[in-house]
Amino acid sequence: MAAATDLLQGKRILLIVSGGIAACKTPDLVRRLREAGAAVRAVLTRAGAEFVTPLTLAALSEDKVHGELFSLTEESEMGHIRLSREADLVVVAPATADLLAKMAAGLADDLASTLLLATDKPVLVAPAMNVRMWQHAATQRNLARLAADGIAAVGPDEGPMACGEFGPGRMAEPAEILAAIAARLTAPAAGRLAGRRAIVTSGPTLEAIDPVRYIANRSSGKQGHAIAAALARLGAETVLVCGPTVLPDPAGVRTVRIESARDMLRAVEAALPADVAVCAAAVADWRVADAAEGKLKKDGSGQPPALRLVENPDILATLARHNRQRPRLVVGFAAETERVVEHAKAKRLRKGCDWIVANDVSPGTGVLGGECNTVHLVGEAGVEDWPAMSKTAVAERLALAIAERLERAGA
Ligand code: C5P
């Protein structure tokens with residue numbers, strides 16, 4: 001995206017630069033932010049200063065660069081709390097695995113982490129690290145925690161890395177970070193869904209075979225949880241009905257945890273009425289007709305037991321065809337491995353919902369369980385193809401589209 005002049009006129013960015021090789025791209029980000037009209041105040045961690053000099057950032061931002069928490073001169077000129085308050089957005093670029101871990105844990109042992117704990121402003125992180133560090137369960141757990149805390153992320157991208165490896169972990173390009181900053185700051189978003197009620201389904205369902213075995217699927221719940229968090233951030237009173245996942249409950253959302261499709265339907269119906277329902281759960285299509293009361297045992301005959309399956313209720317179709325309390329906007333998902341849009345269009349009509357968010361989940365896309373998603377929004381008026389972006393960014397864009405649609409509907 002070109003840095004449209006004055007796109008960010010009058011906006012104040014507190015830019016925290018932590019220590020990774022991607023910090024060499026940060027001066028370019030500062031230059032673009034300045035060109036777009038933003039004021040930039042930079043904070044360098046000790047490790048960050050190994051990759052980019054305070055002088056470079058000071059020259060480009062035309063402001064003093066801050067570094068130490070216990071600096072007498074800095075505290076007397078501007079206390080660290082004030083530094084965190086005098087910003088419209090806090091951006092961490094690059095955000096190292098270490099700083100993300102500190103943020104997730106609420107640690108505050110240097111100026112950067114203290115500011116991040118003290119701020120009441122929205123925070124956007126641009127993670128950058130080695131692919132294995134990115135894929136480590138601890139980093140993914142920290143990111144899920146941060147997403148649940150309402151912290152947005154841009155990137156990382158996939159590609160060759162400075163360490164010689166290949167994969168996700170490269171910091172998003174400065175143009176992409178600038179676009180994410182602009183999206184965050186220019187949308188008059190906050191409060192747009194105030195007074196609205198939203199229901200979101202997320203995660204897999206578990207269908208019992210006997211008391212210890214079940215049928216399930218690979219849904220992580222990341223996309224549905226991110227949507228619930230994004231709707232809540234826009235002010236919607238949000239109920240998240242989710243199957244078993246390892247994700248923490250998103251902040252500001254009432255989370256109802258269930259196991260089976262039938263439990264999910266009951267919880268969703270109990271949460272009605274709602275203005276919007278987003279069904280992102282991967283609901284099991286079938287359940288075992290007569291789940292055994294006791295654990296099934298091998299009977300020595302060599303014959304495995306036959307499981308008879310019956311169809312589960314379709315929660316999306318039930319909501320879309322609800323005769324008393326149909327939400328004004330009903331949104332479904334379609335995970336497909338071929339002819340994605342064509343199948344989604346048919347599904348929209350079959351289910352009776354208003355929109356379908358369709359995505360390609362073929363092996364190799366990394367969507368299932370991964371951080372990124374490439375979706376198509378199939379609606380009454382046509383199809384919008386969205387570029388590849390993080391699941392958090394998909395959630396934010398979808399929440400904004402929902403707000404716009406409900407405003408247009410004028411109710
Ligand atoms: O039928 P299919 O699984 O392809 O449709 C996907 C959409 O329908 C998703 O939005 C999913 O949450 C929803 N669904 C549902 N209840 C079911 C099956 C799917 O709500 N039993």
# chains A, B, ... in the order shown; residues from 1 in each chain; ligands from 1
>>> residues_around(residues="region 371-382 of chain A", least_positions_apart="3", cutoff="7 Å", atoms="only C-alpha atoms", output="JSON, numbers by chain")
{"A": [344, 345, 354, 355, 356, 357, 358, 359, 367, 385, 386, 387, 388, 389, 390, 391]}
>>> residues_around(residues="Ile215 (chain A)", least_positions_apart="4", cutoff="12 Å", atoms="only C-alpha atoms", output="VMD selection string")
chain A and resid 204 to 211 259 to 261 283 to 288 291 307 309
>>> closest_residue(among="A:Leu89, A:Ala334, A:Val394, A:Val253", to="Lys121 (chain A)", atoms="only C-alpha atoms")
A:Leu89
>>> residues_around(residues="region 109-116 of chain A", least_positions_apart="5", cutoff="10 Å", atoms="only C-alpha atoms", output="PyMOL selection string")
chain A and resi 14-18+42-46+66-71+80-85+90-92+99-100+102-103+121-123
>>> write_last_selection(atoms="N, CA, C and O atoms", output="compact mmCIF listing (two decimals), in the first residue's frame")
# COMPACT_ATOMS: atom_id res chain seq x y z
N LEU A 14 3.44 5.12 19.27
CA LEU A 14 4.56 4.75 20.13
C LEU A 14 5.11 3.45 19.56
O LEU A 14 4.41 2.44 19.54
N LEU A 15 6.32 3.51 19.04
CA LEU A 15 6.90 2.37 18.33
C LEU A 15 7.96 1.70 19.20
O LEU A 15 8.96 2.32 19.54
N ILE A 16 7.71 0.46 19.57
CA ILE A 16 8.66 -0.28 20.40
C ILE A 16 9.45 -1.23 19.50
O ILE A 16 8.85 -2.01 18.74
N VAL A 17 10.76 -1.13 19.56
CA VAL A 17 11.61 -1.92 18.68
C VAL A 17 12.40 -2.90 19.54
O VAL A 17 13.22 -2.50 20.36
N SER A 18 12.09 -4.20 19.38
CA SER A 18 12.84 -5.16 20.18
C SER A 18 13.91 -5.81 19.30
O SER A 18 14.02 -5.52 18.11
N ALA A 42 9.88 6.61 19.40
CA ALA A 42 10.44 5.24 19.41
C ALA A 42 11.03 4.88 20.76
O ALA A 42 11.60 5.72 21.46
N VAL A 43 10.86 3.62 21.11
CA VAL A 43 11.48 3.05 22.30
C VAL A 43 12.29 1.84 21.83
O VAL A 43 11.76 0.96 21.15
N LEU A 44 13.55 1.82 22.18
CA LEU A 44 14.43 0.71 21.77
C LEU A 44 14.74 -0.15 22.98
O LEU A 44 15.14 0.38 24.02
N THR A 45 14.57 -1.46 22.85
CA THR A 45 15.04 -2.32 23.95
C THR A 45 16.56 -2.39 23.84
O THR A 45 17.14 -2.03 22.81
N ARG A 46 17.18 -2.92 24.89
CA ARG A 46 18.64 -3.04 24.87
C ARG A 46 19.09 -3.88 23.67
O ARG A 46 20.00 -3.51 22.95
N HIS A 66 13.78 6.62 23.28
CA HIS A 66 13.85 6.24 24.70
C HIS A 66 14.37 4.82 24.83
O HIS A 66 14.10 3.97 24.00
N GLY A 67 15.07 4.58 25.93
CA GLY A 67 15.66 3.25 26.07
C GLY A 67 15.63 2.67 27.47
O GLY A 67 15.31 1.51 27.65
N GLU A 68 15.94 3.45 28.47
CA GLU A 68 16.11 2.90 29.82
C GLU A 68 14.92 3.21 30.70
O GLU A 68 14.40 4.31 30.68
N LEU A 69 14.55 2.22 31.52
CA LEU A 69 13.46 2.45 32.47
C LEU A 69 13.93 3.35 33.62
O LEU A 69 13.25 4.29 34.01
N PHE A 70 15.13 3.04 34.13
CA PHE A 70 15.59 3.79 35.30
C PHE A 70 16.57 4.88 34.87
O PHE A 70 17.71 4.91 35.28
N SER A 71 16.09 5.76 34.00
CA SER A 71 16.94 6.86 33.58
C SER A 71 16.39 8.13 34.22
O SER A 71 15.25 8.50 33.98
N HIS A 80 7.49 7.26 32.38
CA HIS A 80 7.16 6.19 31.43
C HIS A 80 5.67 5.98 31.28
O HIS A 80 5.20 5.55 30.24
N ILE A 81 4.91 6.31 32.34
CA ILE A 81 3.45 6.14 32.22
C ILE A 81 2.91 7.15 31.19
O ILE A 81 2.11 6.80 30.32
N ARG A 82 3.45 8.38 31.26
CA ARG A 82 2.97 9.40 30.32
C ARG A 82 3.32 9.01 28.89
O ARG A 82 2.52 9.19 27.96
N LEU A 83 4.52 8.43 28.76
CA LEU A 83 4.95 7.99 27.43
C LEU A 83 3.93 7.01 26.84
O LEU A 83 3.59 7.06 25.66
N SER A 84 3.43 6.13 27.69
CA SER A 84 2.49 5.12 27.18
C SER A 84 1.10 5.71 26.94
O SER A 84 0.33 5.18 26.17
N ARG A 85 0.80 6.81 27.63
CA ARG A 85 -0.53 7.39 27.45
C ARG A 85 -0.59 8.33 26.26
O ARG A 85 -1.64 8.53 25.66
N VAL A 90 0.04 1.74 20.15
CA VAL A 90 1.38 1.23 20.46
C VAL A 90 1.68 0.12 19.45
O VAL A 90 0.89 -0.80 19.28
N VAL A 91 2.80 0.26 18.76
CA VAL A 91 3.18 -0.73 17.75
C VAL A 91 4.50 -1.37 18.18
O VAL A 91 5.43 -0.65 18.54
N VAL A 92 4.55 -2.69 18.17
CA VAL A 92 5.79 -3.38 18.51
C VAL A 92 6.32 -4.03 17.23
O VAL A 92 5.70 -4.96 16.70
N LEU A 99 9.84 -10.83 23.83
CA LEU A 99 8.97 -9.73 24.25
C LEU A 99 7.50 -10.18 24.25
O LEU A 99 6.72 -9.81 25.14
N LEU A 100 7.12 -11.01 23.27
CA LEU A 100 5.73 -11.51 23.25
C LEU A 100 5.46 -12.33 24.52
O LEU A 100 4.37 -12.26 25.10
N LYS A 102 6.92 -11.99 27.41
CA LYS A 102 6.79 -11.06 28.54
C LYS A 102 5.41 -10.41 28.56
O LYS A 102 4.77 -10.28 29.59
N MET A 103 4.97 -10.00 27.37
CA MET A 103 3.66 -9.36 27.28
C MET A 103 2.56 -10.31 27.74
O MET A 103 1.66 -9.93 28.48
N LYS A 121 -3.86 1.93 25.65
CA LYS A 121 -4.11 2.17 24.23
C LYS A 121 -4.07 0.85 23.45
O LYS A 121 -3.50 -0.13 23.92
N PRO A 122 -4.69 0.81 22.27
CA PRO A 122 -4.61 -0.43 21.48
C PRO A 122 -3.16 -0.75 21.12
O PRO A 122 -2.35 0.16 20.94
N VAL A 123 -2.88 -2.03 21.04
CA VAL A 123 -1.51 -2.48 20.75
C VAL A 123 -1.52 -3.38 19.52
O VAL A 123 -2.39 -4.24 19.37
>>> closest_atom_pairs(of="chain A", to="ligand 1", cutoff="10 Å", atoms="only C-alpha atoms and all ligand atoms", output="CSV")
residue,atom,partner,partner_atom_place_in_ligand_line,distance
A:Val200,CA,ligand 1,12 (O),9.2
A:Thr201,CA,ligand 1,12 (O),6.7
A:Ser202,CA,ligand 1,12 (O),7.4
A:Gly203,CA,ligand 1,12 (O),8.9
A:Pro204,CA,ligand 1,12 (O),9.2
A:Thr205,CA,ligand 1,21 (N),9.4
A:Gly224,CA,ligand 1,12 (O),9.4
A:Ala261,CA,ligand 1,21 (N),6.6
A:Arg262,CA,ligand 1,21 (N),8.8
A:Met264,CA,ligand 1,16 (N),8.9
A:Leu265,CA,ligand 1,16 (N),8.2
A:Val268,CA,ligand 1,20 (O),10.0
A:Ala277,CA,ligand 1,10 (O),9.9
A:Val278,CA,ligand 1,10 (O),7.3
A:Cys279,CA,ligand 1,12 (O),4.1
A:Ala280,CA,ligand 1,12 (O),4.4
A:Ala281,CA,ligand 1,12 (O),4.1
A:Ala282,CA,ligand 1,12 (O),5.3
A:Val283,CA,ligand 1,17 (C),4.7
A:Ala284,CA,ligand 1,21 (N),6.0
A:Asp285,CA,ligand 1,21 (N),5.1
A:Trp286,CA,ligand 1,21 (N),7.8
A:Glu311,CA,ligand 1,21 (N),7.9
A:Asn312,CA,ligand 1,21 (N),5.4
A:Pro313,CA,ligand 1,21 (N),5.0
A:Asp314,CA,ligand 1,21 (N),3.4
A:Ile315,CA,ligand 1,20 (O),3.6
A:Leu316,CA,ligand 1,20 (O),3.7
A:Ala317,CA,ligand 1,20 (O),6.6
A:Thr318,CA,ligand 1,20 (O),7.9
A:Leu319,CA,ligand 1,20 (O),8.4
A:Ala320,CA,ligand 1,20 (O),9.8
A:Val330,CA,ligand 1,10 (O),9.4
A:Val331,CA,ligand 1,10 (O),6.9
A:Gly332,CA,ligand 1,10 (O),3.4
A:Phe333,CA,ligand 1,10 (O),3.6
A:Ala334,CA,ligand 1,6 (C),4.8
A:Ala335,CA,ligand 1,4 (O),6.9
A:Glu336,CA,ligand 1,4 (O),8.0
A:His343,CA,ligand 1,4 (O),8.9
A:Ala344,CA,ligand 1,4 (O),8.6
A:Lys347,CA,ligand 1,5 (O),7.1
A:Arg348,CA,ligand 1,5 (O),9.0
A:Arg350,CA,ligand 1,1 (O),9.2
A:Lys351,CA,ligand 1,8 (O),7.6
A:Cys353,CA,ligand 1,10 (O),9.2
A:Trp355,CA,ligand 1,10 (O),9.6
A:Ile356,CA,ligand 1,10 (O),7.4
A:Val357,CA,ligand 1,10 (O),8.0
A:Ala358,CA,ligand 1,6 (C),9.2
>>> closest_residue(among="A:Glu338, A:Glu396, A:Asp275, A:Asp28", to="Ala93 (chain A)", atoms="only C-alpha atoms")
A:Asp28
>>> residues_around(residues="region 230-242 of chain A", least_positions_apart="3", cutoff="9 Å", atoms="only C-alpha atoms", output="ChimeraX atom specification")
/A:150,189-205,221,224-227,245,249-259,264,267-268,271,281,392,395-400,402-403
>>> write_last_selection(atoms="C-alpha atoms", output="PDB file, in the first residue's frame")
ATOM      1  CA  GLY A 150      -7.280  -7.853  22.532  1.00  0.00           C
ATOM      2  CA  ALA A 189     -14.519   1.329  14.961  1.00  0.00           C
ATOM      3  CA  ALA A 190     -14.875   1.373  18.712  1.00  0.00           C
ATOM      4  CA  GLY A 191     -18.466   1.230  19.819  1.00  0.00           C
ATOM      5  CA  ARG A 192     -19.853   0.539  16.348  1.00  0.00           C
ATOM      6  CA  LEU A 193     -21.568  -2.587  17.639  1.00  0.00           C
ATOM      7  CA  ALA A 194     -22.541  -1.139  21.004  1.00  0.00           C
ATOM      8  CA  GLY A 195     -26.037  -2.263  21.922  1.00  0.00           C
ATOM      9  CA  ARG A 196     -25.867  -5.224  19.501  1.00  0.00           C
ATOM     10  CA  ARG A 197     -25.880  -8.863  20.531  1.00  0.00           C
ATOM     11  CA  ALA A 198     -23.693 -11.439  18.821  1.00  0.00           C
ATOM     12  CA  ILE A 199     -23.436 -15.217  19.019  1.00  0.00           C
ATOM     13  CA  VAL A 200     -20.329 -16.973  17.720  1.00  0.00           C
ATOM     14  CA  THR A 201     -19.730 -20.720  17.529  1.00  0.00           C
ATOM     15  CA  SER A 202     -16.150 -21.943  17.489  1.00  0.00           C
ATOM     16  CA  GLY A 203     -13.947 -25.020  17.770  1.00  0.00           C
ATOM     17  CA  PRO A 204     -14.778 -28.665  17.153  1.00  0.00           C
ATOM     18  CA  THR A 205     -17.536 -30.709  18.736  1.00  0.00           C
ATOM     19  CA  GLY A 221     -11.090 -22.609  17.245  1.00  0.00           C
ATOM     20  CA  GLY A 224     -13.994 -18.338  15.757  1.00  0.00           C
ATOM     21  CA  HIS A 225     -12.379 -17.102  18.970  1.00  0.00           C
ATOM     22  CA  ALA A 226     -10.755 -14.217  17.096  1.00  0.00           C
ATOM     23  CA  ILE A 227     -14.156 -13.273  15.638  1.00  0.00           C
ATOM     24  CA  THR A 245     -10.083 -26.084  22.557  1.00  0.00           C
ATOM     25  CA  ASP A 249     -11.570 -17.437  26.863  1.00  0.00           C
ATOM     26  CA  PRO A 250     -11.398 -14.121  24.967  1.00  0.00           C
ATOM     27  CA  ALA A 251     -11.576 -10.951  27.052  1.00  0.00           C
ATOM     28  CA  GLY A 252     -14.950  -9.219  27.201  1.00  0.00           C
ATOM     29  CA  VAL A 253     -16.852 -12.213  25.839  1.00  0.00           C
ATOM     30  CA  ARG A 254     -19.225 -14.591  27.664  1.00  0.00           C
ATOM     31  CA  THR A 255     -17.830 -18.023  26.811  1.00  0.00           C
ATOM     32  CA  VAL A 256     -19.995 -21.126  27.093  1.00  0.00           C
ATOM     33  CA  ARG A 257     -18.026 -24.349  26.751  1.00  0.00           C
ATOM     34  CA  ILE A 258     -19.844 -27.391  25.411  1.00  0.00           C
ATOM     35  CA  GLU A 259     -18.903 -30.779  23.977  1.00  0.00           C
ATOM     36  CA  MET A 264     -23.938 -26.450  21.101  1.00  0.00           C
ATOM     37  CA  ALA A 267     -26.439 -23.178  24.191  1.00  0.00           C
ATOM     38  CA  VAL A 268     -26.887 -21.159  20.998  1.00  0.00           C
ATOM     39  CA  ALA A 271     -28.280 -17.161  23.861  1.00  0.00           C
ATOM     40  CA  ALA A 281     -17.495 -24.065  14.628  1.00  0.00           C
ATOM     41  CA  THR A 392      -7.020 -11.950  13.760  1.00  0.00           C
ATOM     42  CA  ALA A 395     -11.795 -11.441  12.304  1.00  0.00           C
ATOM     43  CA  GLU A 396     -11.362  -7.671  12.480  1.00  0.00           C
ATOM     44  CA  ARG A 397     -12.344  -7.167   8.873  1.00  0.00           C
ATOM     45  CA  LEU A 398     -15.360  -9.443   9.257  1.00  0.00           C
ATOM     46  CA  ALA A 399     -16.453  -7.621  12.427  1.00  0.00           C
ATOM     47  CA  LEU A 400     -16.235  -4.290  10.565  1.00  0.00           C
ATOM     48  CA  ILE A 402     -20.858  -6.926  10.097  1.00  0.00           C
ATOM     49  CA  ALA A 403     -21.037  -3.478  11.737  1.00  0.00           C
TER      50      ALA A 403
END
>>> select_by_dssp(residues="region 95-321 of chain A", states="alpha helix (DSSP H)", output="PyMOL selection string")
chain A and resi 97-105+111-118+131-135+137-148+174-186+222-233+261-271+315-320
